[in-house]
Structures are given as C-alpha cells and as structure tokens.
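Undergrad: input.pdb is reproduced in full below (PDB, C-alpha atoms).
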ATOM      1  CA  MET A  12     187.525 145.019 172.855
ATOM      2  CA  ARG A  13     184.064 144.351 171.479
ATOM      3  CA  LEU A  14     184.152 141.316 169.194
ATOM      4  CA  LEU A  15     181.288 139.765 167.198
ATOM      5  CA  ASN A  16     181.203 136.139 165.998
ATOM      6  CA  ILE A  17     178.515 135.883 163.316
ATOM      7  CA  GLY A  18     176.789 132.556 162.670
ATOM      8  CA  CYS A  19     179.063 130.815 165.146
ATOM      9  CA  GLY A  20     177.448 127.365 165.213
ATOM     10  CA  LEU A  21     179.451 125.218 167.640
ATOM     11  CA  THR A  22     182.566 127.416 167.436
ATOM     12  CA  PHE A  23     182.469 130.305 169.877
ATOM     13  CA  HIS A  24     184.424 131.960 172.707
ATOM     14  CA  PRO A  25     183.085 133.688 175.847
ATOM     15  CA  ASP A  26     185.120 136.850 175.149
ATOM     16  CA  TRP A  27     183.076 137.373 171.978
ATOM     17  CA  ILE A  28     179.430 138.192 171.394
ATOM     18  CA  ASN A  29     178.395 135.005 169.610
ATOM     19  CA  ILE A  30     175.246 134.981 167.468
ATOM     20  CA  ASP A  31     173.438 132.295 165.503
ATOM     21  CA  VAL A  32     169.944 131.622 164.174
ATOM     22  CA  ASP A  33     169.993 128.300 166.068
ATOM     23  CA  PRO A  34     171.947 128.815 169.345
ATOM     24  CA  TYR A  35     173.614 125.684 170.705
ATOM     25  CA  SER A  36     174.652 127.234 174.023
ATOM     26  CA  SER A  37     173.618 129.832 176.564
ATOM     27  CA  GLN A  38     176.757 131.718 175.455
ATOM     28  CA  VAL A  39     175.225 132.163 171.998
ATOM     29  CA  GLN A  40     172.528 134.750 171.320
ATOM     30  CA  TYR A  41     169.737 134.253 168.789
ATOM     31  CA  CYS A  42     170.002 136.451 165.705
ATOM     32  CA  ASP A  43     168.621 136.201 162.188
ATOM     33  CA  ILE A  44     171.563 137.606 160.207
ATOM     34  CA  THR A  45     169.475 138.039 157.046
ATOM     35  CA  LYS A  46     167.928 141.023 158.820
ATOM     36  CA  ASN A  47     169.647 144.156 160.114
ATOM     37  CA  LEU A  48     172.109 143.360 162.907
ATOM     38  CA  PRO A  49     170.780 144.661 166.260
ATOM     39  CA  TYR A  50     173.823 146.815 167.146
ATOM     40  CA  PRO A  51     174.598 150.553 166.887
ATOM     41  CA  ASP A  52     176.977 152.125 164.381
ATOM     42  CA  ASP A  53     180.742 151.978 165.085
ATOM     43  CA  TYR A  54     180.275 149.522 167.950
ATOM     44  CA  PHE A  55     182.642 146.565 167.385
ATOM     45  CA  ASP A  56     186.410 146.376 167.084
ATOM     46  CA  ALA A  57     186.117 143.279 164.899
ATOM     47  CA  CYS A  58     183.566 141.050 163.183
ATOM     48  CA  TYR A  59     184.319 137.405 162.402
ATOM     49  CA  SER A  60     182.326 135.055 160.185
ATOM     50  CA  SER A  61     183.382 131.502 159.306
ATOM     51  CA  HIS A  62     181.591 129.395 156.671
ATOM     52  CA  VAL A  63     178.455 131.513 156.779
ATOM     53  CA  LEU A  64     178.350 133.620 153.597
ATOM     54  CA  GLU A  65     178.075 130.580 151.319
ATOM     55  CA  HIS A  66     174.784 129.661 153.037
ATOM     56  CA  LEU A  67     173.244 133.006 152.089
ATOM     57  CA  SER A  68     171.965 134.283 148.771
ATOM     58  CA  LYS A  69     174.322 136.739 147.080
ATOM     59  CA  GLN A  70     171.954 139.556 148.042
ATOM     60  CA  ASP A  71     171.825 138.550 151.720
ATOM     61  CA  ALA A  72     175.605 138.086 151.800
ATOM     62  CA  ALA A  73     176.142 141.602 150.447
ATOM     63  CA  LYS A  74     173.675 142.977 152.999
ATOM     64  CA  LEU A  75     175.490 141.207 155.863
ATOM     65  CA  VAL A  76     178.900 142.566 154.853
ATOM     66  CA  ALA A  77     177.397 146.065 154.575
ATOM     67  CA  GLU A  78     175.909 145.669 158.060
ATOM     68  CA  CYS A  79     179.344 144.670 159.357
ATOM     69  CA  TYR A  80     180.771 147.858 157.887
ATOM     70  CA  ARG A  81     178.111 149.853 159.715
ATOM     71  CA  ILE A  82     178.705 148.303 163.142
ATOM     72  CA  ILE A  83     182.516 148.099 163.023
ATOM     73  CA  LYS A  84     184.497 151.032 164.408
ATOM     74  CA  PRO A  85     186.782 152.996 162.073
ATOM     75  CA  GLN A  86     190.027 150.995 161.655
ATOM     76  CA  GLY A  87     188.217 147.908 162.936
ATOM     77  CA  VAL A  88     188.700 144.499 161.287
ATOM     78  CA  ILE A  89     186.369 142.215 159.388
ATOM     79  CA  ARG A  90     187.537 138.583 159.039
ATOM     80  CA  ILE A  91     185.604 136.304 156.672
ATOM     81  CA  ILE A  92     186.230 132.618 156.031
ATOM     82  CA  VAL A  93     184.490 130.656 153.284
ATOM     83  CA  PRO A  94     185.146 127.380 151.418
ATOM     84  CA  ASP A  95     187.822 128.185 148.827
ATOM     85  CA  LEU A  96     186.217 127.529 145.447
ATOM     86  CA  GLU A  97     189.514 128.049 143.612
ATOM     87  CA  ALA A  98     191.393 125.527 145.760
ATOM     88  CA  ILE A  99     188.556 122.987 145.569
ATOM     89  CA  ALA A 100     188.397 123.334 141.774
ATOM     90  CA  LYS A 101     192.176 122.903 141.447
ATOM     91  CA  GLU A 102     192.087 119.806 143.652
ATOM     92  CA  TYR A 103     189.220 118.391 141.594
ATOM     93  CA  LEU A 104     191.145 118.878 138.332
ATOM     94  CA  GLN A 105     194.296 117.306 139.780
ATOM     95  CA  THR A 106     192.384 114.303 141.118
ATOM     96  CA  LEU A 107     190.503 113.931 137.834
ATOM     97  CA  LYS A 108     193.843 113.811 136.012
ATOM     98  CA  GLN A 109     195.090 111.094 138.357
ATOM     99  CA  VAL A 110     192.064 108.798 138.014
ATOM    100  CA  CYS A 111     192.050 109.229 134.230
ATOM    101  CA  LEU A 112     195.618 107.872 134.242
ATOM    102  CA  ASP A 113     194.212 104.666 135.775
ATOM    103  CA  SER A 114     195.319 105.527 139.286
ATOM    104  CA  THR A 115     192.606 103.432 140.933
ATOM    105  CA  GLU A 116     193.953 104.117 144.417
ATOM    106  CA  LYS A 117     192.916 107.757 143.898
ATOM    107  CA  GLU A 118     189.319 106.888 143.025
ATOM    108  CA  ASP A 119     188.072 107.415 146.577
ATOM    109  CA  ASN A 120     189.785 110.829 146.589
ATOM    110  CA  TYR A 121     188.014 111.669 143.337
ATOM    111  CA  ASP A 122     184.646 110.636 144.804
ATOM    112  CA  TRP A 123     185.326 112.782 147.858
ATOM    113  CA  ILE A 124     186.391 115.946 146.027
ATOM    114  CA  MET A 125     183.315 115.684 143.808
ATOM    115  CA  LEU A 126     181.189 115.690 146.968
ATOM    116  CA  GLU A 127     183.171 118.569 148.452
ATOM    117  CA  LEU A 128     182.640 120.572 145.289
ATOM    118  CA  TYR A 129     178.995 119.834 144.683
ATOM    119  CA  ASP A 130     177.101 117.903 147.347
ATOM    120  CA  GLN A 131     176.190 120.733 149.700
ATOM    121  CA  THR A 132     174.729 122.696 146.804
ATOM    122  CA  VAL A 133     172.429 119.963 145.500
ATOM    123  CA  ARG A 134     171.685 117.743 148.506
ATOM    124  CA  ARG A 135     168.056 116.944 149.340
ATOM    125  CA  TYR A 136     168.474 115.639 152.899
ATOM    126  CA  SER A 137     170.543 116.612 155.936
ATOM    127  CA  GLY A 138     174.174 115.603 155.659
ATOM    128  CA  GLY A 139     173.752 114.536 152.049
ATOM    129  CA  GLU A 140     175.994 112.035 150.290
ATOM    130  CA  MET A 141     178.999 113.620 152.026
ATOM    131  CA  SER A 142     177.727 112.365 155.378
ATOM    132  CA  ASP A 143     176.973 108.951 153.858
ATOM    133  CA  PHE A 144     180.576 108.784 152.614
ATOM    134  CA  LEU A 145     182.008 109.731 156.021
ATOM    135  CA  PHE A 146     179.967 107.061 157.818
ATOM    136  CA  GLN A 147     181.141 104.196 155.608
ATOM    137  CA  PRO A 148     182.623 101.420 157.786
ATOM    138  CA  ASN A 149     185.934 101.061 155.880
ATOM    139  CA  ILE A 150     187.123 104.414 154.551
ATOM    140  CA  THR A 151     190.471 104.022 152.790
ATOM    141  CA  ASN A 152     191.320 107.726 152.407
ATOM    142  CA  LYS A 153     190.811 109.148 155.897
ATOM    143  CA  ASP A 154     194.099 111.079 155.791
ATOM    144  CA  TYR A 155     193.056 112.760 152.548
ATOM    145  CA  ILE A 156     189.662 113.748 153.951
ATOM    146  CA  LEU A 157     191.304 115.115 157.110
ATOM    147  CA  SER A 158     193.641 117.200 154.959
ATOM    148  CA  ARG A 159     190.591 118.642 153.201
ATOM    149  CA  ILE A 160     188.040 119.365 155.960
ATOM    150  CA  GLY A 161     189.925 118.800 159.226
ATOM    151  CA  SER A 162     187.819 118.825 162.389
ATOM    152  CA  GLU A 163     184.565 118.446 160.451
ATOM    153  CA  ALA A 164     185.609 114.877 159.565
ATOM    154  CA  GLU A 165     186.730 114.147 163.110
ATOM    155  CA  TYR A 166     183.326 115.288 164.407
ATOM    156  CA  HIS A 167     181.578 112.813 162.109
ATOM    157  CA  TRP A 168     183.860 109.954 163.117
ATOM    158  CA  THR A 169     183.783 110.579 166.858
ATOM    159  CA  GLY A 170     180.541 112.455 167.511
ATOM    160  CA  LYS A 171     177.826 110.677 165.534
ATOM    161  CA  LYS A 172     174.503 110.961 167.355
ATOM    162  CA  THR A 173     171.929 108.239 167.647
ATOM    163  CA  PHE A 174     168.358 108.832 166.552
ATOM    164  CA  TRP A 175     167.322 109.074 170.221
ATOM    165  CA  ASP A 176     170.040 111.688 170.886
ATOM    166  CA  LYS A 177     168.681 113.811 168.042
ATOM    167  CA  ILE A 178     165.105 113.579 169.318
ATOM    168  CA  THR A 179     165.931 114.368 172.963
ATOM    169  CA  SER A 180     168.255 117.254 172.048
ATOM    170  CA  THR A 181     165.686 118.998 169.879
ATOM    171  CA  LYS A 182     164.924 122.495 171.172
ATOM    172  CA  PRO A 183     161.256 123.405 171.764
ATOM    173  CA  SER A 184     161.332 125.943 168.894
ATOM    174  CA  LYS A 185     162.726 123.355 166.495
ATOM    175  CA  LEU A 186     160.288 120.737 167.745
ATOM    176  CA  LEU A 187     157.392 123.089 166.959
ATOM    177  CA  GLN A 188     158.731 123.569 163.427
ATOM    178  CA  LYS A 189     158.958 119.806 162.968
ATOM    179  CA  ILE A 190     155.375 119.330 164.171
ATOM    180  CA  LYS A 191     154.188 122.012 161.721
ATOM    181  CA  ALA A 192     156.076 120.292 158.892
ATOM    182  CA  ILE A 193     154.529 116.908 159.735
ATOM    183  CA  ILE A 194     151.014 118.380 159.740
ATOM    184  CA  ILE A 195     151.556 120.179 156.409
ATOM    185  CA  LYS A 196     153.050 117.038 154.885
ATOM    186  CA  TYR A 197     150.102 114.927 156.053
ATOM    187  CA  LEU A 198     147.624 117.370 154.516
ATOM    188  CA  LEU A 199     149.604 117.451 151.265
ATOM    189  CA  VAL A 200     149.489 113.661 150.984
ATOM    190  CA  ILE A 201     145.689 113.766 151.362
ATOM    191  CA  ILE A 202     145.175 116.679 148.951
ATOM    192  CA  ALA A 203     147.924 116.259 146.335
ATOM    193  CA  GLY A 204     149.532 112.856 146.836
ATOM    194  CA  ASN A 205     152.979 111.512 147.683
ATOM    195  CA  LYS A 206     154.804 113.380 144.917
ATOM    196  CA  ALA A 207     153.721 116.749 146.314
ATOM    197  CA  SER A 208     154.698 115.573 149.789
ATOM    198  CA  LYS A 209     158.227 114.689 148.603
ATOM    199  CA  SER A 210     158.546 118.072 146.903
ATOM    200  CA  PHE A 211     157.525 119.748 150.160
ATOM    201  CA  ASP A 212     160.169 117.742 152.080
ATOM    202  CA  GLU A 213     162.879 118.848 149.676
ATOM    203  CA  GLY A 214     161.801 122.492 149.699
ATOM    204  CA  TRP A 215     161.563 122.555 153.502
ATOM    205  CA  PHE A 216     165.070 121.110 153.793
ATOM    206  CA  ARG A 217     166.615 123.403 151.183
ATOM    207  CA  ASN A 218     165.365 126.417 153.154
ATOM    208  CA  SER A 219     166.748 125.100 156.447
ATOM    209  CA  GLY A 220     170.083 126.913 156.019
ATOM    210  CA  GLU A 221     172.234 123.807 155.458
ATOM    211  CA  ILE A 222     172.807 124.064 151.724
ATOM    212  CA  HIS A 223     175.320 126.311 149.974
ATOM    213  CA  ARG A 224     173.647 129.036 147.939
ATOM    214  CA  TRP A 225     176.863 130.444 146.465
ATOM    215  CA  MET A 226     180.640 129.885 146.447
ATOM    216  CA  TYR A 227     183.549 132.337 146.548
ATOM    217  CA  ASP A 228     187.135 132.625 145.395
ATOM    218  CA  ARG A 229     189.756 135.274 146.222
ATOM    219  CA  PHE A 230     188.440 137.598 143.498
ATOM    220  CA  SER A 231     184.699 137.399 144.193
ATOM    221  CA  LEU A 232     185.093 137.587 147.986
ATOM    222  CA  LYS A 233     187.416 140.593 147.718
ATOM    223  CA  ARG A 234     184.969 142.318 145.374
ATOM    224  CA  LEU A 235     182.075 141.656 147.762
ATOM    225  CA  ILE A 236     184.002 143.148 150.697
ATOM    226  CA  GLN A 237     185.266 146.057 148.617
ATOM    227  CA  ARG A 238     181.748 147.022 147.541
ATOM    228  CA  SER A 239     180.923 147.684 151.194
ATOM    229  CA  LYS A 240     183.768 150.264 151.311
ATOM    230  CA  PHE A 241     186.255 148.184 153.323
ATOM    231  CA  ILE A 242     189.907 148.856 152.493
ATOM    232  CA  ASP A 243     193.261 147.069 152.812
ATOM    233  CA  ILE A 244     191.700 143.737 151.832
ATOM    234  CA  SER A 245     194.052 140.768 151.923
ATOM    235  CA  VAL A 246     194.119 136.978 151.894
ATOM    236  CA  CYS A 247     195.741 135.572 155.019
ATOM    237  CA  HIS A 248     196.573 132.230 156.602
ATOM    238  CA  ALA A 249     194.465 130.620 159.307
ATOM    239  CA  ASN A 250     196.982 131.603 161.986
ATOM    240  CA  GLU A 251     197.373 135.209 160.799
ATOM    241  CA  SER A 252     195.095 138.057 161.792
ATOM    242  CA  ARG A 253     195.003 141.769 162.464
ATOM    243  CA  ILE A 254     192.611 141.030 165.337
ATOM    244  CA  LEU A 255     194.619 141.330 168.554
ATOM    245  CA  ASP A 256     195.501 137.923 170.104
ATOM    246  CA  PHE A 257     193.188 136.193 167.613
ATOM    247  CA  ASN A 258     194.774 132.750 167.908
ATOM    248  CA  SER A 259     194.085 132.669 171.645
ATOM    249  CA  TYR A 260     190.351 132.328 170.898
ATOM    250  CA  ASN A 261     190.668 128.916 169.126
ATOM    251  CA  LEU A 262     188.341 129.881 166.305
ATOM    252  CA  ASP A 263     190.407 129.024 163.217
ATOM    253  CA  MET A 264     193.264 127.186 164.929
ATOM    254  CA  ILE A 265     192.687 124.391 167.458
ATOM    255  CA  ASN A 266     195.683 122.703 169.117
ATOM    256  CA  GLY A 267     197.933 124.013 166.375
ATOM    257  CA  LYS A 268     195.754 122.624 163.560
ATOM    258  CA  VAL A 269     193.626 124.530 161.066
ATOM    259  CA  ARG A 270     189.971 123.858 161.911
ATOM    260  CA  LYS A 271     188.769 124.116 158.301
ATOM    261  CA  PRO A 272     191.701 123.514 155.901
ATOM    262  CA  ASP A 273     189.566 123.870 152.744
ATOM    263  CA  SER A 274     189.027 127.561 153.498
ATOM    264  CA  LEU A 275     189.786 130.967 152.064
ATOM    265  CA  PHE A 276     190.712 133.443 154.822
ATOM    266  CA  MET A 277     190.308 137.161 154.123
ATOM    267  CA  GLU A 278     190.510 140.325 156.236
ATOM    268  CA  ALA A 279     189.858 143.998 155.647
ATOM    269  CA  ILE A 280     189.761 147.291 157.521
ATOM    270  CA  LYS A 281     186.978 149.833 157.890
ATOM    271  CA  SER A 282     188.219 153.188 156.628
TER     272      SER A 282
END
Hey, can you dump this file as structure tokens for me?
TA:
Amino acid sequence: MRLLNIGCGLTFHPDWINIDVDPYSSQVQYCDITKNLPYPDDYFDACYSSHVLEHLSKQDAAKLVAECYRIIKPQGVIRIIVPDLEAIAKEYLQTLKQVCLDSTEKEDNYDWIMLELYDQTVRRYSGGEMSDFLFQPNITNKDYILSRIGSEAEYHWTGKKTFWDKITSTKPSKLLQKIKAIIIKYLLVIIAGNKASKSFDEGWFRNSGEIHRWMYDRFSLKRLIQRSKFIDISVCHANESRILDFNSYNLDMINGKVRKPDSLFMEAIKS
C-alpha cells in the first residue's frame, strides 16, 4: 500500500511516506503542505494527519483536505486527528464548577485546562505558559495532565533539552532563518526602537507554525471533510481504523496507550 503521513513531526513510520515542513529525520521528506501536494491523482491508499489542521488557517486546512481527496485512490481512507474542542470545553466547564465549589485541590487542574484551551492560540513565545507549567519543579497534578495530553507531557518531563542542545541541533536552514531574524531585529531597534523590535519578535514567532489558528469539534471537522466530497465520515477511537493494520505503525497507539488522549479521531472514504 501507498501511505502518506502529513505533517508527521517526530511521529513517523518507515512504511509510510512521511512529510513535514521541518524534517527531523532522513526518513521524513520536506514538504510545504500549504501548497499543492507533489503527488499524482489517485496515488495513495490512505492519508493520515495528526494535530496538523489546527495549525493552518481555515482556508489552508480546506485546501489540504481537498488535496488529500485528489491524491487518494477511490475507496481510499483519510484519517484526521485534531485536538477535540468539544471535549476540552466540557472538561473546562466541569473543572470550573469544581473550583467554584471551593475544591482547592482542583485548582491546578483548572489552571491546566485553561492553558490547554487557550495557550497555544495566544502564546507569544515557543512553548508558552503550557511549557512553563510542565517544567515546574513540584507539579501536583501529573496524573491529570497525563490523562489529558499523554506522551506530550512525558516528552517534556524526560526529554527537556539544554540551551546548548538546541543550538547544536539547529539545522543549517533554520540557522539561516535565525540569522536573518537577528539582523532584521537589530535594524528595527536602530530605526524604530525596542517596541517595534518586540512586535517583530512576536510576529515572527506567530508565523513559525507553532500556534493554533483554528479548533475543531465533531461537527466542524465532519463538515470540512464532507465539503471535499469524502463519504462515510465517522468518529472513531484511537485504536480503530479502516486503514489495514493501522495499529502496527504506532502512530496513534504506543505500547497500548493513546499518544494524544485529548484528540478527536475521524475517518472518511473517497467515493
């Protein structure tokens, strides 16, 4: 089978064609998914995308799903995973109710779900307040956070990089971008002052691809997929898929655990 993993980040499998705008491995090919995908019509048996659409504008997300329809074979499968806005909102309301009843032991949970709901939309620096929360020395609600974001939390707690690690691991292309940004920032300070420089920093970061530009629930995601002419659209569990032997690829399930528990999982078929 021909299988495409779109915007794979650090989660990929050698049996798939894995693409990302910032490849972390030689097994990942560079691709800017806001442009037309570089594949012929009716080429793939399945396309998979996890926590990618929310980083795109609504227009770019619609274009990507339409491109998937073009490159998937008839009766092929599209599988899309996004943060579940409905579930996050319900959890926020439940936690709000608890803290308003003077349940002080739930206050850390309230602070966390507020970050989960909002931080990645408004943050002005990499990692945002969510990362600051995760790197606190004495977190009292680790089990709750694990139940919400799974392996993402474990990565923060076990894989934090030092400043030197970040510098030495920078790819030449990224290093060139950083040098350009430093030069522009220096010129801005001279010409327009520190306030303009800070505005440039924020704008540069917000266009880096890290922030969430939109959120989806089971209605809006289904409608988006439906508008690209996919049929038989359904919500599924992390360990369920119409892609043959999907769980063997360790994309949504790792060692029997859901990799991103806060997710909405949806599949559809090309007619």
Undergrad: Find the residues around region 209-216 of chain A up to 10 Å (all atoms listed in the file counted), leave out those fewer than 2 positions away in its own chain, and share them as a ChimeraX atom specification.
TA: /A:134-137,192-193,195-196,199-200,204-207,218-222
Undergrad: I need the residue nearest Lys240 (chain A) from this list: A:Asp26, A:Glu78, A:Asp31, A:Asp43. Use all atoms listed in the file for the distance.
TA: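 Using all atoms listed in the file, Lys240 (chain A) sits closest to A:Glu78.
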Undergrad: Just so the selection is clear, what residues does the PyMOL selection byres ((chain A and resi 74) around 12) cover here, as a list of chain:residue names?
TA: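 Taken on the displayed file, the PyMOL selection byres ((chain A and resi 74) around 12) yields the residues A:Ile44, A:Thr45, A:Lys46, A:Asn47, A:Leu48, A:Leu64, A:Leu67, A:Ser68, A:Lys69, A:Gln70, A:Asp71, A:Ala72, A:Ala73, A:Leu75, A:Val76, A:Ala77, A:Glu78, A:Cys79, A:Tyr80, A:Arg81, A:Leu235, A:Ile236, A:Arg238, A:Ser239.
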Undergrad: With C-alpha atoms kept, could you save the residues just selected as a PDB file, keeping the file's coordinate frame?
TA:
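Listed below is the output, part.pdb:
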ATOM      1  CA  ILE A  44     171.563 137.606 160.207  1.00  0.00           C
ATOM      2  CA  THR A  45     169.475 138.039 157.046  1.00  0.00           C
ATOM      3  CA  LYS A  46     167.928 141.023 158.820  1.00  0.00           C
ATOM      4  CA  ASN A  47     169.647 144.156 160.114  1.00  0.00           C
ATOM      5  CA  LEU A  48     172.109 143.360 162.907  1.00  0.00           C
ATOM      6  CA  LEU A  64     178.350 133.620 153.597  1.00  0.00           C
ATOM      7  CA  LEU A  67     173.244 133.006 152.089  1.00  0.00           C
ATOM      8  CA  SER A  68     171.965 134.283 148.771  1.00  0.00           C
ATOM      9  CA  LYS A  69     174.322 136.739 147.080  1.00  0.00           C
ATOM     10  CA  GLN A  70     171.954 139.556 148.042  1.00  0.00           C
ATOM     11  CA  ASP A  71     171.825 138.550 151.720  1.00  0.00           C
ATOM     12  CA  ALA A  72     175.605 138.086 151.800  1.00  0.00           C
ATOM     13  CA  ALA A  73     176.142 141.602 150.447  1.00  0.00           C
ATOM     14  CA  LEU A  75     175.490 141.207 155.863  1.00  0.00           C
ATOM     15  CA  VAL A  76     178.900 142.566 154.853  1.00  0.00           C
ATOM     16  CA  ALA A  77     177.397 146.065 154.575  1.00  0.00           C
ATOM     17  CA  GLU A  78     175.909 145.669 158.060  1.00  0.00           C
ATOM     18  CA  CYS A  79     179.344 144.670 159.357  1.00  0.00           C
ATOM     19  CA  TYR A  80     180.771 147.858 157.887  1.00  0.00           C
ATOM     20  CA  ARG A  81     178.111 149.853 159.715  1.00  0.00           C
ATOM     21  CA  LEU A 235     182.075 141.656 147.762  1.00  0.00           C
ATOM     22  CA  ILE A 236     184.002 143.148 150.697  1.00  0.00           C
ATOM     23  CA  ARG A 238     181.748 147.022 147.541  1.00  0.00           C
ATOM     24  CA  SER A 239     180.923 147.684 151.194  1.00  0.00           C
TER      25      SER A 239
END
Undergrad: Just to confirm, what's the straight-line distance from CA of Phe146 (chain A) to CA of Trp168 (chain A) in Å (one decimal)?
TA: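 Atom-to-atom, CA of Phe146 (chain A) to CA of Trp168 (chain A), that is 7.2 Å.
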Undergrad: Could you please determine the separation between CA of Asp33 (chain A) and CA of Thr132 (chain A) in Å, to one decimal place?
TA: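 Atom-to-atom, CA of Asp33 (chain A) and CA of Thr132 (chain A) are spaced 20.6 Å apart.
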Undergrad: Applying 8 Å and all atoms listed in the file, which residues near Tyr35 (chain A) remain after dropping the ones on its own chain fewer than 3 positions away? List them as a PyMOL selection string.
TA: chain A and resi 20-21+39
Undergrad: I'd like to know which of A:Leu262, A:Thr151, A:Asn120, A:Ile89 is closest to Pro25 (chain A), using all atoms listed in the file.
TA: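 Checking each candidate against Pro25 (chain A), we get A:Leu262 as the closest.
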Undergrad: Report the distance between CA of Leu275 (chain A) and CA of His248 (chain A) in Å, rounded to one decimal place.
TA: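 CA of His248 (chain A) lies at a distance of 8.3 Å from CA of Leu275 (chain A).
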Undergrad: Out of A:Ala57, A:Ile201, A:Val32, A:Ile17, which residue has the shortest atom-to-atom distance to Leu255 (chain A) when counting only C-alpha atoms?
TA: A:Ala57
Undergrad: Which one of A:Met277, A:Ile30, A:Ile150, A:Cys58 sits closest to Cys42 (chain A) if you count all atoms listed in the file?
TA: A:Ile30
Undergrad: For Phe276 (chain A), which residue out of A:Ser162, A:Ser60, A:Thr106, A:Asn149 is the nearest one, using all atoms listed in the file?
TA: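 When distances to Phe276 (chain A) are compared using all atoms listed in the file, the smallest one comes from A:Ser60.
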Undergrad: Pick out the closest residue to Arg229 (chain A) from this set: A:Leu104, A:Glu165, A:Leu15, A:Leu96. Count only C-alpha atoms.
TA: A:Leu96
Undergrad: Translate the PyMOL selection byres ((chain A and resi 241-244) around 7), as applied to the file shown, into an explicit residue set as a ChimeraX atom specification.
TA: /A:233,236-237,239-240,245,278-282
Undergrad: Expand the PyMOL selection byres ((chain A and resi 140) around 12) into the individual residues it matches in the shown file, reporting them as a ChimeraX atom specification.
TA: /A:122-139,141-147
Undergrad: Please produce region 255-266 of chain A, completed to N, CA and C atoms, as a PDB file, keeping the file's coordinate frame.
TA:
ATOM      1  N   LEU A 255     193.662 141.514 167.466  1.00  0.00           N
ATOM      2  CA  LEU A 255     194.619 141.330 168.554  1.00  0.00           C
ATOM      3  C   LEU A 255     194.420 139.987 169.255  1.00  0.00           C
ATOM      4  N   ASP A 256     195.508 139.218 169.398  1.00  0.00           N
ATOM      5  CA  ASP A 256     195.501 137.923 170.104  1.00  0.00           C
ATOM      6  C   ASP A 256     194.482 136.949 169.527  1.00  0.00           C
ATOM      7  N   PHE A 257     194.251 136.999 168.217  1.00  0.00           N
ATOM      8  CA  PHE A 257     193.188 136.193 167.613  1.00  0.00           C
ATOM      9  C   PHE A 257     193.359 134.700 167.867  1.00  0.00           C
ATOM     10  N   ASN A 258     194.576 134.199 167.769  1.00  0.00           N
ATOM     11  CA  ASN A 258     194.774 132.750 167.908  1.00  0.00           C
ATOM     12  C   ASN A 258     194.457 132.223 169.306  1.00  0.00           C
ATOM     13  N   SER A 259     194.406 133.111 170.282  1.00  0.00           N
ATOM     14  CA  SER A 259     194.085 132.669 171.645  1.00  0.00           C
ATOM     15  C   SER A 259     192.620 132.265 171.789  1.00  0.00           C
ATOM     16  N   TYR A 260     191.784 132.621 170.805  1.00  0.00           N
ATOM     17  CA  TYR A 260     190.351 132.328 170.898  1.00  0.00           C
ATOM     18  C   TYR A 260     189.976 130.962 170.312  1.00  0.00           C
ATOM     19  N   ASN A 261     190.917 130.267 169.668  1.00  0.00           N
ATOM     20  CA  ASN A 261     190.668 128.916 169.126  1.00  0.00           C
ATOM     21  C   ASN A 261     189.476 128.872 168.169  1.00  0.00           C
ATOM     22  N   LEU A 262     189.426 129.845 167.281  1.00  0.00           N
ATOM     23  CA  LEU A 262     188.341 129.881 166.305  1.00  0.00           C
ATOM     24  C   LEU A 262     188.752 129.237 164.982  1.00  0.00           C
ATOM     25  N   ASP A 263     189.918 129.621 164.469  1.00  0.00           N
ATOM     26  CA  ASP A 263     190.407 129.024 163.217  1.00  0.00           C
ATOM     27  C   ASP A 263     191.528 128.017 163.438  1.00  0.00           C
ATOM     28  N   MET A 264     192.189 128.116 164.574  1.00  0.00           N
ATOM     29  CA  MET A 264     193.264 127.186 164.929  1.00  0.00           C
ATOM     30  C   MET A 264     192.915 126.497 166.239  1.00  0.00           C
ATOM     31  N   ILE A 265     192.957 125.159 166.241  1.00  0.00           N
ATOM     32  CA  ILE A 265     192.687 124.391 167.458  1.00  0.00           C
ATOM     33  C   ILE A 265     193.834 123.418 167.672  1.00  0.00           C
ATOM     34  N   ASN A 266     194.532 123.563 168.802  1.00  0.00           N
ATOM     35  CA  ASN A 266     195.683 122.703 169.117  1.00  0.00           C
ATOM     36  C   ASN A 266     196.711 122.697 167.989  1.00  0.00           C
TER      37      ASN A 266
END
